[in-house]
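K.L.:
Dropping in coords-v5.pdb, which is PDB, C-alpha atoms:
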```pdb
ATOM      1  CA  MET A   1    -225.862 279.841 287.087
ATOM      2  CA  ALA A   2    -228.865 277.855 288.275
ATOM      3  CA  GLY A   3    -230.287 280.957 290.000
ATOM      4  CA  ALA A   4    -230.002 283.021 286.817
ATOM      5  CA  LEU A   5    -231.765 280.329 284.810
ATOM      6  CA  MET A   6    -234.560 280.191 287.376
ATOM      7  CA  GLU A   7    -235.053 283.957 287.183
ATOM      8  CA  TRP A   8    -235.275 283.741 283.388
ATOM      9  CA  TRP A   9    -237.788 280.924 283.708
ATOM     10  CA  LEU A  10    -240.018 282.882 286.097
ATOM     11  CA  TRP A  11    -239.800 285.936 283.909
ATOM     12  CA  LEU A  12    -240.952 283.955 280.866
ATOM     13  CA  GLN A  13    -243.927 282.345 282.672
ATOM     14  CA  PRO A  14    -247.236 284.150 281.958
ATOM     15  CA  GLY A  15    -248.596 283.628 285.437
ATOM     16  CA  GLY A  16    -245.356 284.122 287.289
ATOM     17  CA  ASP A  17    -244.337 287.037 289.406
ATOM     18  CA  PRO A  18    -243.389 289.995 287.222
ATOM     19  CA  VAL A  19    -239.689 290.598 287.635
ATOM     20  CA  ASP A  20    -237.202 292.510 285.556
ATOM     21  CA  PRO A  21    -235.172 290.437 283.119
ATOM     22  CA  PRO A  22    -231.703 289.711 284.568
ATOM     23  CA  PHE A  23    -229.955 290.616 281.273
ATOM     24  CA  THR A  24    -231.188 293.424 279.033
ATOM     25  CA  LEU A  25    -230.270 294.202 275.429
ATOM     26  CA  ASN A  26    -228.475 297.374 276.491
ATOM     27  CA  GLU A  27    -226.303 295.408 278.866
ATOM     28  CA  GLY A  28    -225.544 292.861 276.106
ATOM     29  CA  ALA A  29    -224.548 295.599 273.671
ATOM     30  CA  THR A  30    -222.370 297.210 276.319
ATOM     31  CA  LEU A  31    -220.649 293.921 277.047
ATOM     32  CA  PHE A  32    -220.043 293.275 273.337
ATOM     33  CA  TRP A  33    -218.588 296.770 272.837
ATOM     34  CA  ARG A  34    -216.278 296.362 275.828
ATOM     35  CA  THR A  35    -215.069 293.006 274.539
ATOM     36  CA  ALA A  36    -214.431 294.360 271.024
ATOM     37  CA  ARG A  37    -212.684 297.430 272.439
ATOM     38  CA  ASP A  38    -210.407 295.343 274.642
ATOM     39  CA  PHE A  39    -209.609 293.081 271.680
ATOM     40  CA  LEU A  40    -208.749 296.031 269.431
ATOM     41  CA  ARG A  41    -206.630 297.612 272.154
ATOM     42  CA  GLY A  42    -204.820 294.315 272.587
ATOM     43  CA  MET A  43    -204.249 294.048 268.830
ATOM     44  CA  VAL A  44    -202.881 297.594 268.670
ATOM     45  CA  SER A  45    -200.639 297.023 271.647
ATOM     46  CA  ARG A  46    -199.353 293.725 270.099
ATOM     47  CA  MET A  47    -198.960 295.142 266.598
ATOM     48  CA  PRO A  48    -195.203 295.779 266.925
ATOM     49  CA  TYR A  49    -194.730 292.210 268.126
ATOM     50  CA  LEU A  50    -196.784 290.900 265.181
ATOM     51  CA  ILE A  51    -194.700 292.878 262.705
ATOM     52  CA  VAL A  52    -191.418 291.727 264.250
ATOM     53  CA  GLY A  53    -192.638 288.120 264.357
ATOM     54  CA  ALA A  54    -193.636 288.232 260.690
ATOM     55  CA  LEU A  55    -190.236 289.688 259.789
ATOM     56  CA  VAL A  56    -188.475 286.953 261.778
ATOM     57  CA  PHE A  57    -190.473 284.212 260.003
ATOM     58  CA  LEU A  58    -189.799 285.827 256.602
ATOM     59  CA  ALA A  59    -186.068 285.984 257.352
ATOM     60  CA  PHE A  60    -185.929 282.301 258.307
ATOM     61  CA  TRP A  61    -187.967 281.363 255.209
ATOM     62  CA  LEU A  62    -185.557 283.246 252.934
ATOM     63  CA  VAL A  63    -182.567 281.622 254.655
ATOM     64  CA  GLY A  64    -184.142 278.188 254.067
ATOM     65  CA  LYS A  65    -184.635 278.916 250.372
ATOM     66  CA  LEU A  66    -181.045 280.167 250.089
ATOM     67  CA  LEU A  67    -179.656 277.058 251.803
ATOM     68  CA  LYS A  68    -181.715 274.838 249.507
ATOM     69  CA  ALA A  69    -180.270 276.486 246.396
ATOM     70  CA  VAL A  70    -176.697 276.393 247.770
ATOM     71  CA  ILE A  71    -176.911 272.705 248.751
ATOM     72  CA  ASN A  72    -178.286 271.723 245.351
ATOM     73  CA  ARG A  73    -175.610 273.665 243.494
ATOM     74  CA  VAL A  74    -172.674 272.472 245.610
ATOM     75  CA  PHE A  75    -173.542 268.770 245.831
ATOM     76  CA  ILE A  76    -174.729 268.365 242.250
ATOM     77  CA  ARG A  77    -171.756 270.179 240.729
ATOM     78  CA  SER A  78    -169.253 268.340 242.908
ATOM     79  CA  HIS A  79    -171.018 264.984 242.281
ATOM     80  CA  ALA A  80    -170.745 264.283 246.012
ATOM     81  CA  LEU A  81    -174.388 263.182 246.111
ATOM     82  CA  ASP A  82    -176.880 261.899 243.599
ATOM     83  CA  GLU A  83    -179.160 264.588 242.166
ATOM     84  CA  MET A  84    -182.257 263.051 243.752
ATOM     85  CA  LEU A  85    -180.543 262.727 247.149
ATOM     86  CA  ALA A  86    -179.216 266.306 246.945
ATOM     87  CA  ASN A  87    -182.747 267.574 246.261
ATOM     88  CA  LEU A  88    -184.063 265.593 249.213
ATOM     89  CA  VAL A  89    -181.386 266.878 251.620
ATOM     90  CA  SER A  90    -181.880 270.479 250.510
ATOM     91  CA  ARG A  91    -185.644 270.170 250.910
ATOM     92  CA  LEU A  92    -185.313 268.754 254.430
ATOM     93  CA  VAL A  93    -182.891 271.531 255.462
ATOM     94  CA  SER A  94    -185.206 274.208 254.073
ATOM     95  CA  THR A  95    -188.205 272.706 255.888
ATOM     96  CA  LEU A  96    -186.351 272.524 259.215
ATOM     97  CA  VAL A  97    -185.212 276.162 258.940
ATOM     98  CA  THR A  98    -188.776 277.249 258.139
ATOM     99  CA  ILE A  99    -190.120 275.370 261.180
ATOM    100  CA  LEU A 100    -187.509 277.030 263.393
ATOM    101  CA  GLY A 101    -188.553 280.406 261.984
ATOM    102  CA  PHE A 102    -192.196 279.700 262.818
ATOM    103  CA  LEU A 103    -191.310 278.780 266.416
ATOM    104  CA  ALA A 104    -189.142 281.889 266.763
ATOM    105  CA  ALA A 105    -191.974 284.079 265.444
ATOM    106  CA  CYS A 106    -194.386 282.510 267.942
ATOM    107  CA  VAL A 107    -191.985 283.294 270.807
ATOM    108  CA  VAL A 108    -191.735 286.933 269.652
ATOM    109  CA  ILE A 109    -195.497 287.398 269.242
ATOM    110  CA  PHE A 110    -196.510 285.430 272.372
ATOM    111  CA  PRO A 111    -193.820 285.758 275.057
ATOM    112  CA  SER A 112    -195.511 283.120 277.191
ATOM    113  CA  PHE A 113    -195.187 280.572 274.375
ATOM    114  CA  LYS A 114    -192.624 277.813 275.025
ATOM    115  CA  PRO A 115    -191.469 275.498 272.209
ATOM    116  CA  GLY A 116    -190.773 272.850 274.827
ATOM    117  CA  ASP A 117    -194.522 272.493 275.376
ATOM    118  CA  ILE A 118    -194.990 271.488 271.738
ATOM    119  CA  ILE A 119    -192.112 269.003 271.968
ATOM    120  CA  ALA A 120    -193.620 267.487 275.107
ATOM    121  CA  GLY A 121    -196.985 267.197 273.399
ATOM    122  CA  LEU A 122    -195.395 265.498 270.407
ATOM    123  CA  GLY A 123    -193.692 263.037 272.741
ATOM    124  CA  ILE A 124    -197.027 262.041 274.229
ATOM    125  CA  THR A 125    -198.706 261.515 270.854
ATOM    126  CA  SER A 126    -195.709 260.050 268.991
ATOM    127  CA  VAL A 127    -196.915 256.466 269.464
ATOM    128  CA  ALA A 128    -200.362 257.218 268.059
ATOM    129  CA  ILE A 129    -198.841 259.141 265.137
ATOM    130  CA  GLY A 130    -196.448 256.270 264.468
ATOM    131  CA  PHE A 131    -199.296 253.746 264.219
ATOM    132  CA  ALA A 132    -201.460 256.064 262.138
ATOM    133  CA  PHE A 133    -198.729 256.872 259.611
ATOM    134  CA  LYS A 134    -196.823 253.579 259.712
ATOM    135  CA  ASP A 135    -196.929 252.961 255.953
ATOM    136  CA  ILE A 136    -196.122 256.593 255.134
ATOM    137  CA  LEU A 137    -193.133 256.637 257.477
ATOM    138  CA  GLN A 138    -191.957 253.266 256.168
ATOM    139  CA  ASN A 139    -192.013 254.520 252.577
ATOM    140  CA  PHE A 140    -190.315 257.758 253.638
ATOM    141  CA  PHE A 141    -187.362 256.073 255.350
ATOM    142  CA  ALA A 142    -187.125 253.473 252.566
ATOM    143  CA  GLY A 143    -186.886 256.339 250.083
ATOM    144  CA  LEU A 144    -184.064 257.856 252.140
ATOM    145  CA  LEU A 145    -182.171 254.555 252.126
ATOM    146  CA  ILE A 146    -182.699 254.056 248.389
ATOM    147  CA  LEU A 147    -181.405 257.546 247.624
ATOM    148  CA  TRP A 148    -178.501 257.115 250.031
ATOM    149  CA  ARG A 149    -177.318 253.628 249.004
ATOM    150  CA  ARG A 150    -178.351 253.995 245.341
ATOM    151  CA  PRO A 151    -179.004 250.363 244.298
ATOM    152  CA  PHE A 152    -180.174 251.886 241.010
ATOM    153  CA  ARG A 153    -180.361 255.324 239.456
ATOM    154  CA  VAL A 154    -182.777 257.312 237.360
ATOM    155  CA  GLY A 155    -182.530 255.938 233.818
ATOM    156  CA  ASP A 156    -181.641 252.367 234.842
ATOM    157  CA  GLN A 157    -183.735 249.488 233.520
ATOM    158  CA  ILE A 158    -184.817 247.271 236.412
ATOM    159  CA  ARG A 159    -187.216 244.454 237.228
ATOM    160  CA  ILE A 160    -189.108 244.383 240.544
ATOM    161  CA  LYS A 161    -191.562 241.509 241.027
ATOM    162  CA  GLU A 162    -193.819 241.561 237.950
ATOM    163  CA  PHE A 163    -192.840 245.096 236.912
ATOM    164  CA  GLU A 164    -190.003 245.870 234.514
ATOM    165  CA  GLY A 165    -189.010 249.138 232.902
ATOM    166  CA  THR A 166    -186.939 252.322 233.128
ATOM    167  CA  VAL A 167    -186.668 254.290 236.393
ATOM    168  CA  GLU A 168    -188.163 257.757 235.931
ATOM    169  CA  GLU A 169    -188.112 259.154 239.460
ATOM    170  CA  VAL A 170    -187.426 258.229 243.081
ATOM    171  CA  ASN A 171    -189.244 260.528 245.502
ATOM    172  CA  MET A 172    -190.107 260.476 249.193
ATOM    173  CA  ARG A 173    -192.990 258.033 248.836
ATOM    174  CA  SER A 174    -192.594 255.947 245.700
ATOM    175  CA  THR A 175    -190.476 254.877 242.749
ATOM    176  CA  ARG A 176    -191.874 255.463 239.261
ATOM    177  CA  LEU A 177    -191.145 253.108 236.361
ATOM    178  CA  ARG A 178    -191.906 253.500 232.684
ATOM    179  CA  THR A 179    -192.604 249.959 231.507
ATOM    180  CA  TYR A 180    -191.569 248.649 228.095
ATOM    181  CA  ASP A 181    -195.243 248.825 227.084
ATOM    182  CA  GLY A 182    -195.277 252.598 227.641
ATOM    183  CA  GLU A 183    -197.174 252.440 230.946
ATOM    184  CA  ARG A 184    -196.271 254.015 234.296
ATOM    185  CA  ALA A 185    -195.869 251.819 237.369
ATOM    186  CA  ILE A 186    -195.762 253.544 240.783
ATOM    187  CA  LEU A 187    -194.195 251.295 243.436
ATOM    188  CA  PRO A 188    -194.110 252.143 247.172
ATOM    189  CA  ASN A 189    -190.549 252.610 248.378
ATOM    190  CA  GLY A 190    -191.115 250.127 251.203
ATOM    191  CA  ASP A 191    -191.848 247.346 248.693
ATOM    192  CA  VAL A 192    -188.946 248.406 246.472
ATOM    193  CA  TYR A 193    -186.392 248.364 249.288
ATOM    194  CA  THR A 194    -187.483 244.980 250.672
ATOM    195  CA  SER A 195    -187.826 243.213 247.292
ATOM    196  CA  SER A 196    -185.256 241.547 245.077
ATOM    197  CA  ILE A 197    -184.269 243.866 242.236
ATOM    198  CA  LEU A 198    -182.695 242.945 238.906
ATOM    199  CA  VAL A 199    -180.809 245.933 237.462
ATOM    200  CA  ARG A 200    -180.314 245.168 233.780
ATOM    201  CA  THR A 201    -178.224 248.256 233.048
ATOM    202  CA  ALA A 202    -175.968 248.088 236.116
ATOM    203  CA  TYR A 203    -173.043 247.206 233.802
ATOM    204  CA  PRO A 204    -172.285 248.243 230.219
ATOM    205  CA  SER A 205    -172.881 244.732 228.809
ATOM    206  CA  ARG A 206    -174.809 241.584 229.682
ATOM    207  CA  ARG A 207    -174.986 238.004 228.445
ATOM    208  CA  LEU A 208    -177.779 236.373 226.479
ATOM    209  CA  LYS A 209    -178.270 232.709 225.688
ATOM    210  CA  LEU A 210    -180.375 230.536 223.413
ATOM    211  CA  VAL A 211    -180.709 226.791 222.809
ATOM    212  CA  VAL A 212    -180.193 225.296 219.332
ATOM    213  CA  GLY A 213    -181.052 221.641 218.665
ATOM    214  CA  ILE A 214    -179.402 219.643 215.844
ATOM    215  CA  GLY A 215    -180.042 216.120 214.651
ATOM    216  CA  TYR A 216    -178.117 213.142 216.010
ATOM    217  CA  PRO A 217    -176.601 212.233 212.601
ATOM    218  CA  ASP A 218    -175.265 215.807 212.132
ATOM    219  CA  SER A 219    -171.735 216.889 213.087
ATOM    220  CA  ILE A 220    -171.528 218.802 216.350
ATOM    221  CA  GLU A 221    -168.263 220.492 215.371
ATOM    222  CA  GLU A 222    -169.669 221.604 212.023
ATOM    223  CA  ALA A 223    -172.725 223.065 213.719
ATOM    224  CA  ARG A 224    -170.491 224.773 216.275
ATOM    225  CA  ARG A 225    -168.367 226.275 213.487
ATOM    226  CA  VAL A 226    -171.418 227.588 211.631
ATOM    227  CA  ILE A 227    -172.848 229.175 214.781
ATOM    228  CA  HIS A 228    -169.537 230.863 215.655
ATOM    229  CA  GLN A 229    -169.363 232.243 212.124
ATOM    230  CA  VAL A 230    -172.855 233.715 212.440
ATOM    231  CA  LEU A 231    -172.019 235.303 215.807
ATOM    232  CA  ALA A 232    -168.834 236.843 214.418
ATOM    233  CA  GLN A 233    -170.757 238.453 211.544
ATOM    234  CA  THR A 234    -173.822 239.646 213.481
ATOM    235  CA  GLU A 235    -173.938 243.343 214.305
ATOM    236  CA  GLY A 236    -174.314 244.026 218.015
ATOM    237  CA  VAL A 237    -172.599 240.857 219.316
ATOM    238  CA  LEU A 238    -169.620 241.978 221.370
ATOM    239  CA  PRO A 239    -166.253 240.351 220.535
ATOM    240  CA  GLU A 240    -165.155 240.572 224.177
ATOM    241  CA  PRO A 241    -166.068 238.482 226.083
ATOM    242  CA  GLY A 242    -166.224 236.064 223.169
ATOM    243  CA  PRO A 243    -169.277 233.887 222.463
ATOM    244  CA  TRP A 244    -169.455 230.260 223.617
ATOM    245  CA  VAL A 245    -171.251 227.269 222.105
ATOM    246  CA  TYR A 246    -171.581 224.303 224.466
ATOM    247  CA  VAL A 247    -173.343 220.939 224.155
ATOM    248  CA  THR A 248    -175.651 220.944 227.170
ATOM    249  CA  GLU A 249    -178.170 218.144 226.603
ATOM    250  CA  LEU A 250    -178.796 214.941 224.661
ATOM    251  CA  ALA A 251    -182.521 215.404 224.245
ATOM    252  CA  PRO A 252    -184.852 212.649 222.972
ATOM    253  CA  SER A 253    -184.998 214.127 219.459
ATOM    254  CA  SER A 254    -181.959 216.409 219.230
ATOM    255  CA  VAL A 255    -178.541 217.326 220.501
ATOM    256  CA  ASN A 256    -178.977 220.672 222.236
ATOM    257  CA  LEU A 257    -176.293 223.342 221.987
ATOM    258  CA  THR A 258    -176.504 226.394 224.264
ATOM    259  CA  VAL A 259    -175.185 229.589 222.679
ATOM    260  CA  PHE A 260    -173.867 232.342 224.969
ATOM    261  CA  PHE A 261    -173.031 235.815 223.659
ATOM    262  CA  TRP A 262    -172.656 239.334 225.067
ATOM    263  CA  VAL A 263    -174.483 242.496 224.026
ATOM    264  CA  GLU A 264    -174.900 246.052 225.313
ATOM    265  CA  SER A 265    -177.214 246.243 228.317
ATOM    266  CA  PRO A 266    -180.305 248.224 227.172
ATOM    267  CA  GLN A 267    -183.319 245.981 226.678
ATOM    268  CA  ALA A 268    -184.179 247.290 223.217
ATOM    269  CA  ASN A 269    -180.666 246.521 221.975
ATOM    270  CA  ALA A 270    -180.733 243.038 223.544
ATOM    271  CA  LEU A 271    -184.008 242.148 221.779
ATOM    272  CA  LYS A 272    -182.758 243.480 218.462
ATOM    273  CA  VAL A 273    -179.438 241.584 218.561
ATOM    274  CA  SER A 274    -181.144 238.395 219.769
ATOM    275  CA  ASP A 275    -183.472 238.519 216.758
ATOM    276  CA  ARG A 276    -180.502 238.894 214.404
ATOM    277  CA  VAL A 277    -178.644 235.977 216.007
ATOM    278  CA  VAL A 278    -181.607 233.575 215.934
ATOM    279  CA  THR A 279    -182.446 234.438 212.323
ATOM    280  CA  GLY A 280    -178.828 234.106 211.212
ATOM    281  CA  ILE A 281    -178.315 230.735 212.915
ATOM    282  CA  LYS A 282    -181.490 229.291 211.392
ATOM    283  CA  LEU A 283    -180.562 230.375 207.857
ATOM    284  CA  ALA A 284    -176.921 229.281 208.206
ATOM    285  CA  LEU A 285    -177.790 225.798 209.521
ATOM    286  CA  ASP A 286    -180.313 225.307 206.720
ATOM    287  CA  GLN A 287    -177.683 226.318 204.146
ATOM    288  CA  ALA A 288    -175.139 223.934 205.699
ATOM    289  CA  GLY A 289    -177.601 221.041 205.522
ATOM    290  CA  ILE A 290    -177.743 220.609 209.315
ATOM    291  CA  ASP A 291    -181.099 219.427 210.540
ATOM    292  CA  MET A 292    -182.922 221.194 213.364
ATOM    293  CA  PRO A 293    -185.362 218.448 214.389
ATOM    294  CA  TYR A 294    -188.454 218.739 216.469
ATOM    295  CA  PRO A 295    -189.813 215.999 218.783
ATOM    296  CA  HIS A 296    -190.891 212.878 216.854
ATOM    297  CA  THR A 297    -193.477 210.261 217.712
ATOM    298  CA  VAL A 298    -192.900 206.726 216.328
ATOM    299  CA  VAL A 299    -196.082 204.765 215.583
ATOM    300  CA  MET A 300    -195.783 200.985 214.900
ATOM    301  CA  LEU A 301    -198.645 198.892 213.506
ATOM    302  CA  GLU A 302    -199.193 195.185 214.206
ATOM    303  CA  THR A 303    -201.491 192.860 212.245
ATOM    304  CA  GLN A 304    -203.628 190.628 214.440
ATOM    305  CA  PRO A 305    -204.701 187.023 213.536
ATOM    306  CA  GLU A 306    -208.298 188.065 213.431
ATOM    307  CA  GLY A 307    -209.366 191.657 213.405
ATOM    308  CA  PRO A 308    -208.033 195.036 212.270
ATOM    309  CA  THR A 309    -204.484 196.306 212.529
ATOM    310  CA  ILE A 310    -203.767 197.915 215.918
ATOM    311  CA  LEU A 311    -201.032 199.918 217.498
ATOM    312  CA  SER A 312    -198.355 197.733 218.960
ATOM    313  CA  ARG A 313    -194.907 197.577 220.394
ATOM    314  CA  PRO A 314    -192.041 196.140 218.352
ATOM    315  CA  PRO A 315    -192.186 192.313 218.348
ATOM    316  CA  ARG A 316    -189.923 190.539 220.765
ATOM    317  CA  ARG A 317    -187.411 187.997 219.547
ATOM    318  CA  ASP A 318    -189.034 185.122 221.410
ATOM    319  CA  ARG A 319    -192.460 185.896 219.933
ATOM    320  CA  PRO A 320    -193.367 184.736 216.398
ATOM    321  CA  ALA A 321    -194.019 187.311 213.763
ATOM    322  CA  PRO A 322    -197.623 188.001 212.637
ATOM    323  CA  ASP A 323    -197.072 186.113 209.349
ATOM    324  CA  GLN A 324    -196.017 183.005 211.272
ATOM    325  CA  LEU A 325    -199.201 183.226 213.348
ATOM    326  CA  ASN A 326    -201.203 183.116 210.085
ATOM    327  CA  GLY A 327    -199.376 179.960 208.937
ATOM    328  CA  LYS A 328    -197.083 181.863 206.549
ATOM    329  CA  THR A 329    -193.333 181.936 206.462
ATOM    330  CA  SER A 330    -191.209 184.656 205.085
TER     331      SER A 330
END
```
Using the file provided, produce a representation of the structure as C-alpha cells.

P.N.:
Amino acid sequence: MAGALMEWWLWLQPGGDPVDPPFTLNEGATLFWRTARDFLRGMVSRMPYLIVGALVFLAFWLVGKLLKAVINRVFIRSHALDEMLANLVSRLVSTLVTILGFLAACVVIFPSFKPGDIIAGLGITSVAIGFAFKDILQNFFAGLLILWRRPFRVGDQIRIKEFEGTVEEVNMRSTRLRTYDGERAILPNGDVYTSSILVRTAYPSRRLKLVVGIGYPDSIEEARRVIHQVLAQTEGVLPEPGPWVYVTELAPSSVNLTVFFWVESPQANALKVSDRVVTGIKLALDQAGIDMPYPHTVVMLETQPEGPTILSRPPRRDRPAPDQLNGKTS
C-alpha cells in the first residue's frame, strides 16, 4: 500500500521521473464492471432463495395474525381474561411468531446464518440494554402485572396520588384517566403499580358522612329523629345498610352529630345525593326550631376607676366589683 502511494506521489510531481500511473481509468471501469457482474450473478443465483425466504416470512406473519384473532375471540368470549389482557397476550404471540418467521427467512436466504449468534450477541449487550431502557421495561412489566391481577378495570373511578377520575385505557406503558374536570391524565404503569390506589367503584355502593352541629339547649333525640326522617325521604340514599346518626363530639359551641349513609358508588351520584341530604337536613332543622350554632366569642367589659372601659375577665369573688371601687354600693 505504501509503495503504491509513493508511485502515485512521484507520478504527480512535476519534476519527478515520468512513470505510468499505477491505476488507469480503463482498469477502474473494468474492475467496476466485474464487481457489478459478480453481484448480479450472485443475485440471480440467490433469487430462488430470496423468493422462498419471503414466502416463509409471509406465512409466519399470516399465522401470527390468525393466532392474534383466535386468541382475542376465544378469551374475550369465554371471559377467561380481561379484554385488555387478552389483547396484550394476542399481540405478544403475534410478535413472537413474526420474529420466528424473520429468523427462518434469514436461514433460508443465508445458509451460513445462525440464530444462535444473535442470541449470543443479545446476551452480551443485555446489561447495557437493561440500563438504557430501565424505565421502559419497568412500565412494561408493571402493565403486565396490572392487566394480570386487575386491581381496577376500564371504567372504574379511581384516585392515584393527586389524580382522580375514570380509567379509559391500560396499555403497555401507561394508564390513562379522564379526570372529573374533563382532562386526561397519563400515568406511567410503574408509578400506578407501586402507589396506593383508591377504587371508588370497586363495590356497588359506598358510604358518605357529614357532621351536623346543634346547640347545647336543643334535644339530641329530636335532632336525631329529624335527620333520620330526612334521610328516609331523600332520593338516592340506600335503605340497606341503613343510615346512622351518632354523637361524636362536644365541641365548644355545638354538639356534633356525624351522619353516615350509603349511596351508589359513581362520583356524580355521590355528589348529587350529598347535596340533597345537606339541603334537606338544614331546612328540616330550621323548621323544627333546632339551632345550628357557629363558634361564638364572648367579650366582657370592665369599668376601671380612672380611664376608659377595657376588656376584662369576669370578676373573681374575692375581688370587689367596679362600683365598690368607686365608693358605690349596689

K.L.:
Which residues match the PyMOL selection byres ((chain A and resi 135-151) around 6) in the file above, as a list in words?

P.N.:
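For this structure, the PyMOL selection byres ((chain A and resi 135-151) around 6) resolves to Leu85, Phe133, Lys134, Phe152, Met172, Arg173, Asn189 and Gly190 of chain A.
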
K.L.:
Have a look at CA of Arg159 in chain A and CA of Lys209 in chain A and let me know their distance in Å, one decimal.

P.N.:
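Interatomic distance here is 18.7 Å.
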
K.L.:
Between A:Leu210, A:Leu271, A:Val74, A:Val277, which residue has the minimum interatomic distance to Val237 in chain A, considering all atoms listed in the file?

P.N.:
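Smallest distance to Val237 in chain A is found for A:Val277.
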
K.L.:
Suppose a student applies the PyMOL selection byres ((chain A and resi 259-263) around 7) to this structure; what residues should they get, written as an NGL selection string?

P.N.:
:A and (205-211 or 236-238 or 241-246 or 257-258 or 264-265 or 270)

K.L.:
Interatomic distance between CA of Ala86 in chain A and CA of Phe60 in chain A?

P.N.:
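Distance reported for this atom pair: 20.7 Å.
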
K.L.:
Considering all atoms listed in the file, state which residue in the set A:Val167, A:Val52, A:Val97, A:Val247 is at the smallest distance from Leu67 in chain A.

P.N.:
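The closest residue to Leu67 in chain A is A:Val97.
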
K.L.:
I need the residue nearest Tyr203 in chain A from this list: A:Ser254, A:Val89, A:Glu235, A:Asp156. Use only C-alpha atoms for the distance.

P.N.:
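Of A:Ser254, A:Val89, A:Glu235, A:Asp156, the one nearest Tyr203 in chain A is A:Asp156, counting only C-alpha atoms.
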
K.L.:
Using only C-alpha atoms, which of the listed residues (A:Pro266, A:Pro252, A:Gly155, A:Gly213) sits closest to Arg200 in chain A?

P.N.:
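The closest residue to Arg200 in chain A is A:Pro266.
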
K.L.:
If I take CA of Ala105 in chain A and CA of Leu88 in chain A, how far is one from the other in Å, to one decimal?

P.N.:
25.8 Å

K.L.:
Quick one: apply the PyMOL selection byres ((chain A and resi 180) around 8) to the file and drop the selected residues here as a PyMOL selection string.

P.N.:
chain A and resi 164-166+178-179+181-183

K.L.:
Next, the residues of the selection above should be written as a PDB file, keeping the file's coordinate frame with C-alpha atoms.

P.N.:
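Resulting contents of selection_21.pdb:
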```pdb
ATOM      1  CA  GLU A 164    -190.003 245.870 234.514  1.00  0.00           C
ATOM      2  CA  GLY A 165    -189.010 249.138 232.902  1.00  0.00           C
ATOM      3  CA  THR A 166    -186.939 252.322 233.128  1.00  0.00           C
ATOM      4  CA  ARG A 178    -191.906 253.500 232.684  1.00  0.00           C
ATOM      5  CA  THR A 179    -192.604 249.959 231.507  1.00  0.00           C
ATOM      6  CA  ASP A 181    -195.243 248.825 227.084  1.00  0.00           C
ATOM      7  CA  GLY A 182    -195.277 252.598 227.641  1.00  0.00           C
ATOM      8  CA  GLU A 183    -197.174 252.440 230.946  1.00  0.00           C
TER       9      GLU A 183
END
```

K.L.:
Quick one: residues within 9 Å of Val226 in chain A, all atoms listed in the file counted, chain neighbours fewer than 4 positions away excluded, as a PyMOL selection string?

P.N.:
chain A and resi 221-222+230-231+281+284-285+288

K.L.:
Identify, on the basis of all atoms listed in the file, every residue whose closest approach to Leu187 in chain A does not exceed 8 Å; exclude the query and any residue fewer than 2 positions from it along the same chain; express the result as a VMD selection string.

P.N.:
chain A and resid 174 to 177 185 189 191 to 192

K.L.:
Using all atoms listed in the file, which of A:Trp61, A:Arg41, A:Tyr49, A:Leu250 sits nearest Ile109 in chain A?

P.N.:
A:Tyr49

K.L.:
Rank nothing, just name the residue among A:Thr248, A:Thr279, A:Ser253, A:Gln267 nearest to Pro293 in chain A, using all atoms listed in the file.

P.N.:
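So, comparing all the options, the nearest one is A:Ser253.
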